[in-house]
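These notes are about the structure you will find just below.
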Amino acid sequence: MPLLWISLSFLAGIILGSLLSFPTWAWLLLLVFGILLSFLFHSIDFLKLQPLYLLVLPSLFFGAWRYQIAQPNIDAFHIAFYNDRNYDMLVTAVIDEAPDYRDAYTNLKLNVQFVDSGSGDLPVSGLLLVRVPENVKYEYGQVIRVRGQLKTPPENEDFSYREYLAIQGIHSYMSKTEVTVLPGNEGSLFYKTVYEFSDASLKNIYRLFNDPEASLLAGILLGVDTGLTKDLQNAFKNTGTAHIIAISGFNIAIIAGVFLAIFKNLFGERWGALVAILGIFFYTLLVGAEAAVVRAAIMGSMGMFARLLGRKQAGLNSLLAVAMFMCLWNPLFVWDVGFQLSFFATLGLILYAEPFSVFTGNLISKLLKREASAFRRIFNESVTLTFAAQLTTIPIMAYHFKRISLVSFIANPFILPFQPAVMVVSGLAMIVSHVIFPLAQLIAWIAWPFAAYTIRMVELFNEVPHGTIYLGDSPIWGVTLVYIALFTVTFNWSAIKNWFNSLASSLRAVALTATFSFLFICMILLWRASASTGDGQLHITFLDVGSASAVLVQTPEGRNVLINGGPSTSELSDELGRRLPFFSHKLDWLIIASTNEDDLSALPRVMERYPPKNVLWSGNIQASFSSQTLDQYFADNEIPVSNAETGQRLGLGDGSFIEVQAEGPRGSVLFIQYKNFRALLPIGISDGTYESIEYGNVIDTVDVLLLADSGYAPSNPPDLIENLNPRLVVLSVAAGDPDGLPTQEVLDSLDGYSLLRTDRNGWITVSTDGNEMHVEVERGQ
C-alpha cells in the first residue's frame, strides 16, 4: 500500500519540521536530494520496490518543508506585529464567523483590514480574536472598529490558548474592547445565508423545547453547546458521552455510520451511501460549515466510503490520503484535537465497525431469535459504531483531557440507541418550525422524551462513584505504546473474537435492563411534568447563581414568577427548564427587584426563551446595560411593564401575594405571604430603605429571610435580623466570592439562626401549604 506509506511519511515530516528548526531552503535542498536519490534507486532497480514506494523519503522532507513555509511572517503588515504594547490600538476588521455567545462575554473572530496606533490607518492582514461584552448582537460580515490592547494569546501548564488559536491562524487577542459598528457588510452571501438559517433554527429550538433539553438539542443539531450548564457539560464528559453534544470528528464519524446504516436499508448500498454523504454535508451546512466541521465531515464520509467498499486496505489508504491533503492545506492540523479525534474515530470505524457489527448481530440473534431483528439493527447502528470509534480515541482523549471514563462503556449502551430518534425527530421539528410552527411543536413533544431521557441518564451515570479516572498528564510515549499494542492485537482478530464470546451471557441482561430503565425514566418524567402544574403549595426556590439574586416563586395554582435572574444565561435557563411546566414556555410575571448588572445580565437572552406575560419593574432603568437592554426588549415585544410602588400587591391565587414593602433607585424590598407563611426578600436596597420599614418592625417576624447583597454588612444590619427573627436565613453567594462576601460581621450576627447558603447547598427550595414549611436543597441537608 504505497499511498499509505507516502501519507504517513508526509505527516511524520510535519512533526520532524516542528522538532528541527532548519530554514526553509535547507528542507527544500533535502527534498531535492530525496527526489534525486529516489530516481537513482529506481534506475538501478534498488530494493525491487514499486516506483511509488520510492516517494516515501521525498514525502518526509516535503512535509517538513510545508510546515516551515506555513509559519506566519510577522512584520509591520501583520496584526501580530503590534502585540503586547502598553497602549490601545484601533483596529478595523470584518467579523469572519458567526459570533460565539457565552454567558459573560461574546467571542468575535475578525479578519483585520487596518490598524491605527495614533498616526492613521495602516493596512494589515491576519486574524484577531476579540472578547466583547455579552447581550450585544453582532452579525457575520459586519465591519467593526475595536479599541483595546493587542496581546499574544496566553498559555499555562494545563492549556495553551496560544497553540489552540494558532491552529486557526489567530496570533493576536484582545480581551477588553470598545466596539463601534461601521456601515456595510462584507461577508460571503453563502455563509451569511447559512449563519442566518442556523441562528433562526437556534431561536426556534428554544421556542420548541424547555431547558436543559433545548440546550442539549442546540448542541446536537447546531453545535451550540454553550447553553448547557458547566455541571451538565462535566456530566457528559465524565460519562464519556460528550461526543453527543460536540460537533467533532468523533460525533461526525458516529453520525456518518448511523446515516449509512439507515439509508442503505432504504435505498440500497450504493445509493444509500450517496444519500448518507449528502446528509452529512447538509448537516455540516446546518451547523455553520466551519473549518473544523467540514474537516470532520470529510473524514466521516471517507470512513463511510471505506465501510462501503468493505476493504480495510482501501479504507486505510483513503483515510491517510485525506489526512495528508488536509495537512497539506494546513500543517498545523496535526496538533489539532478535533483533527486527531476525526482521524482516529474514522480509523476505528474502518478497522472495527464491520467485525463488531457482525459479531453482535449474530450474538443477539442467537439470544433473542427472530424478534430481535429491530433491536439488533438499533444496537449495531449506534452502540457498536460508537464502541468502534471509542476504542481508537480513548488514548487521545486521555492525553488531552487527562481522564478516562470507565462508566462510558455502560452509559453509552443505555443512551446511544435513542440518539437517532433524538436527532431525526428533533431535527424534523426544527426544520418544520421554519414553515409551520404549530406542527413543529407537535413533533417537538414527540421528540422531548428522548432528549429528556438522554439528560437524565447522563446525570444518573455521573453519580456512579469512581466512574471517572483522572490521570493528570500522560506522556506521549505512553499513548504511542497503547496504539502499538492496540494495532498489534487488531491484526490478531481471533483473540479479540474469543474475548467477545465471553460476553455473551451478560448481553441479554444489559438489553433488558436498558428497556426497563427507559420505561422507568419515562414514568418519572411524566410524573414530573404533571406535578409541576400546581400542587396547592407555595414554592420559593433560591437559585444558585453566584453572588446575585434569582428567585423562582411557584404559586399554589401553578403560576410562575421569576424575581431577577443572576449573571449566567445557561444556569438560569437550565433551572427554569427543569422547573417550569412541560407545556409552558412563558413566565406569568417577571419582577425586576434590582437593576444591578449581576442581578440581570442573564435575563436578556433568557427572556427570548421564556418571555414573561407581565413585568413589575423597580429601580433605575439606566443603572446597568442589561436593564436598558431589557427595557428595550419589553418595548419591542409589547410586554406590559408596571412600575413598582410601595404597598403594591401582586395576587398569586389562593390568598397568596407578593407585596412591595419599599421601593427606591436600586430596586425594591419584596414581602411574600401565604396564609401563615411569611418571607422577606430585601433584594434592591436603597438609601433609607430600612428606615422606611423601621428595620422590620412594621413587618414583624418572618419564616424566611434572604440576606441582601450576598451578606454585605451595611445591607444587613443586626437590628433588622433581630426584629424579623427568621426561622430560616438564606444567603445567595458565590463560592470564593472575590469581594470576600459574606462579611464575618454578618455571619456573627446570625449565630443561633438556621442558615443555608447557595455556595454550599446549591439551590434552596422552600415549600409551604401556608402552615407548615418544608425545605429542600441541592446538596447537603
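Identifiers in the C-alpha cells: chain A, B, ... in order shown; residue index from 1 per chain; ligand index from 1 in order shown.
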
Next item on the list: Report the residues of segment 585-731 of chain A whose backbone DSSP state falls under strand (DSSP E or B), written as an NGL selection string.
Entry: :A and (587-592 or 594 or 612-617 or 641-643 or 649-653 or 656-664 or 667-674 or 677-682 or 704-706 or 728-731)

Note to self: I want to know what sits within 9 Å of segment 582-597 of chain A, based on only C-alpha atoms, with residues of the same chain fewer than 6 positions away left out; could you give that as JSON, numbers by chain?
What the structure shows: {"A": [206, 207, 208, 209, 210, 445, 528, 529, 530, 532, 533, 548, 549, 559, 560, 561, 562, 563, 564, 565, 566, 567, 607, 609, 610, 611, 612, 613, 614, 615, 616, 617, 618, 619, 620, 621, 622, 623, 624, 625, 626, 627, 644, 663, 665, 666, 667, 668, 669, 670, 682, 683, 684, 685]}

Would you mind exporting C-alpha atoms of the selected residues as a tab-separated table (two decimals), in the first residue's frame?
chain	number	residue	atom	x	y	z
A	206	TYR	CA	-35.62	27.34	22.40
A	207	ARG	CA	-39.22	28.10	21.47
A	208	LEU	CA	-40.00	24.42	20.89
A	209	PHE	CA	-38.26	22.94	23.95
A	210	ASN	CA	-37.56	23.87	27.55
A	445	TRP	CA	-43.48	16.98	22.04
A	528	ARG	CA	-42.66	15.35	36.99
A	529	ALA	CA	-44.47	17.10	34.14
A	530	SER	CA	-47.89	16.58	35.71
A	532	SER	CA	-45.37	20.94	38.02
A	533	THR	CA	-48.82	22.29	37.08
A	548	ALA	CA	-26.53	37.72	42.93
A	549	SER	CA	-30.23	37.06	43.40
A	559	ARG	CA	-48.35	30.36	38.29
A	560	ASN	CA	-44.65	31.09	37.87
A	561	VAL	CA	-42.98	34.30	38.98
A	562	LEU	CA	-39.27	34.98	38.44
A	563	ILE	CA	-37.51	37.61	40.55
A	564	ASN	CA	-34.29	38.82	38.86
A	565	GLY	CA	-32.02	36.30	37.10
A	566	GLY	CA	-28.36	36.43	38.09
A	567	PRO	CA	-25.34	36.60	35.76
A	607	MET	CA	-36.36	36.26	28.01
A	609	ARG	CA	-36.75	31.59	25.56
A	610	TYR	CA	-39.16	32.21	28.46
A	611	PRO	CA	-40.93	35.51	27.73
A	612	PRO	CA	-42.98	36.94	30.62
A	613	LYS	CA	-46.62	37.84	30.26
A	614	ASN	CA	-46.19	40.80	32.61
A	615	VAL	CA	-43.31	42.69	34.21
A	616	LEU	CA	-43.15	44.52	37.53
A	617	TRP	CA	-40.21	46.93	37.46
A	618	SER	CA	-38.43	48.69	40.30
A	619	GLY	CA	-35.17	50.63	40.17
A	620	ASN	CA	-33.42	52.97	37.77
A	621	ILE	CA	-33.54	51.73	34.16
A	622	GLN	CA	-30.25	53.49	33.38
A	623	ALA	CA	-28.42	51.75	36.25
A	624	SER	CA	-26.94	48.97	34.07
A	625	PHE	CA	-26.56	47.87	30.48
A	626	SER	CA	-28.74	44.80	30.99
A	627	SER	CA	-31.60	46.84	32.47
A	644	ALA	CA	-43.46	49.15	41.26
A	663	GLU	CA	-39.00	50.91	46.52
A	665	PRO	CA	-33.45	53.79	42.80
A	666	ARG	CA	-31.64	50.44	43.36
A	667	GLY	CA	-34.78	48.31	43.41
A	668	SER	CA	-37.28	47.07	45.95
A	669	VAL	CA	-37.89	45.00	49.08
A	670	LEU	CA	-40.45	42.23	48.48
A	682	PRO	CA	-34.62	42.69	50.50
A	683	ILE	CA	-33.07	42.43	47.04
A	684	GLY	CA	-32.83	46.08	45.95
A	685	ILE	CA	-31.68	48.10	48.98

Checklist line | Nearby residues (only C-alpha atoms) at most 9 Å from Ile396 of chain A, same-chain spacing under 3 positions excluded, as a ChimeraX atom specification | finding: /A:337,340-341,344,392-393,399-401,479

With N, CA, C and O atoms kept, could you save the residues just selected as a CSV table (one decimal), in the first residue's frame?
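Listing of again-v2.csv after writing:
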chain,number,residue,atom,x,y,z
A,337,VAL,N,-6.8,19.0,18.2
A,337,VAL,CA,-7.5,17.9,18.8
A,337,VAL,C,-8.7,17.3,18.0
A,337,VAL,O,-8.9,16.1,17.9
A,340,GLN,N,-7.3,15.1,15.3
A,340,GLN,CA,-6.9,13.8,15.8
A,340,GLN,C,-8.1,12.9,16.1
A,340,GLN,O,-8.1,11.7,15.8
A,341,LEU,N,-9.1,13.5,16.7
A,341,LEU,CA,-10.3,12.7,17.0
A,341,LEU,C,-11.0,12.3,15.8
A,341,LEU,O,-11.5,11.1,15.7
A,344,PHE,N,-8.8,9.3,14.3
A,344,PHE,CA,-8.8,8.1,15.0
A,344,PHE,C,-10.2,7.5,15.1
A,344,PHE,O,-10.4,6.3,15.1
A,392,THR,N,-10.5,3.6,19.5
A,392,THR,CA,-9.3,4.2,18.9
A,392,THR,C,-9.1,5.7,19.4
A,392,THR,O,-8.1,6.3,19.1
A,393,THR,N,-10.1,6.2,20.1
A,393,THR,CA,-10.0,7.6,20.5
A,393,THR,C,-9.7,7.7,22.0
A,393,THR,O,-9.3,8.8,22.5
A,399,TYR,N,-5.0,11.6,26.8
A,399,TYR,CA,-3.8,12.5,26.7
A,399,TYR,C,-4.2,14.0,26.8
A,399,TYR,O,-3.6,14.8,27.5
A,400,HIS,N,-5.3,14.4,26.1
A,400,HIS,CA,-5.7,15.8,26.0
A,400,HIS,C,-6.6,16.2,27.2
A,400,HIS,O,-6.4,17.3,27.7
A,401,PHE,N,-7.5,15.3,27.6
A,401,PHE,CA,-8.5,15.7,28.6
A,401,PHE,C,-8.1,15.2,30.0
A,401,PHE,O,-8.9,15.4,30.9
A,479,VAL,N,1.0,7.0,25.2
A,479,VAL,CA,-0.1,7.0,24.2
A,479,VAL,C,0.4,6.2,23.0
A,479,VAL,O,-0.4,5.3,22.5

Next item on the list: Identify, on the basis of only C-alpha atoms, every residue whose closest approach to Leu216 of chain A does not exceed 9 Å; exclude the query and any residue fewer than 4 positions from it along the same chain; express the result as a list of chain:residue names.
Entry: A:Asp211, A:Pro212, A:Ile220, A:Leu221, A:Val224, A:Asp225, A:Gly227, A:Leu228, A:Ile244, A:Ile245, A:Ala451, A:Ile455

Item checked: Residues within 12 Å of Leu471 of chain A, only C-alpha atoms, excluding chain neighbours under 4 positions, as a list in words ->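 Near Leu471 of chain A, the qualifying residues are Pro395, Met397, Ala398, Tyr399, His400, Phe401, Lys402, Arg403, Ile404, Ser405 and Pro475 of chain A.
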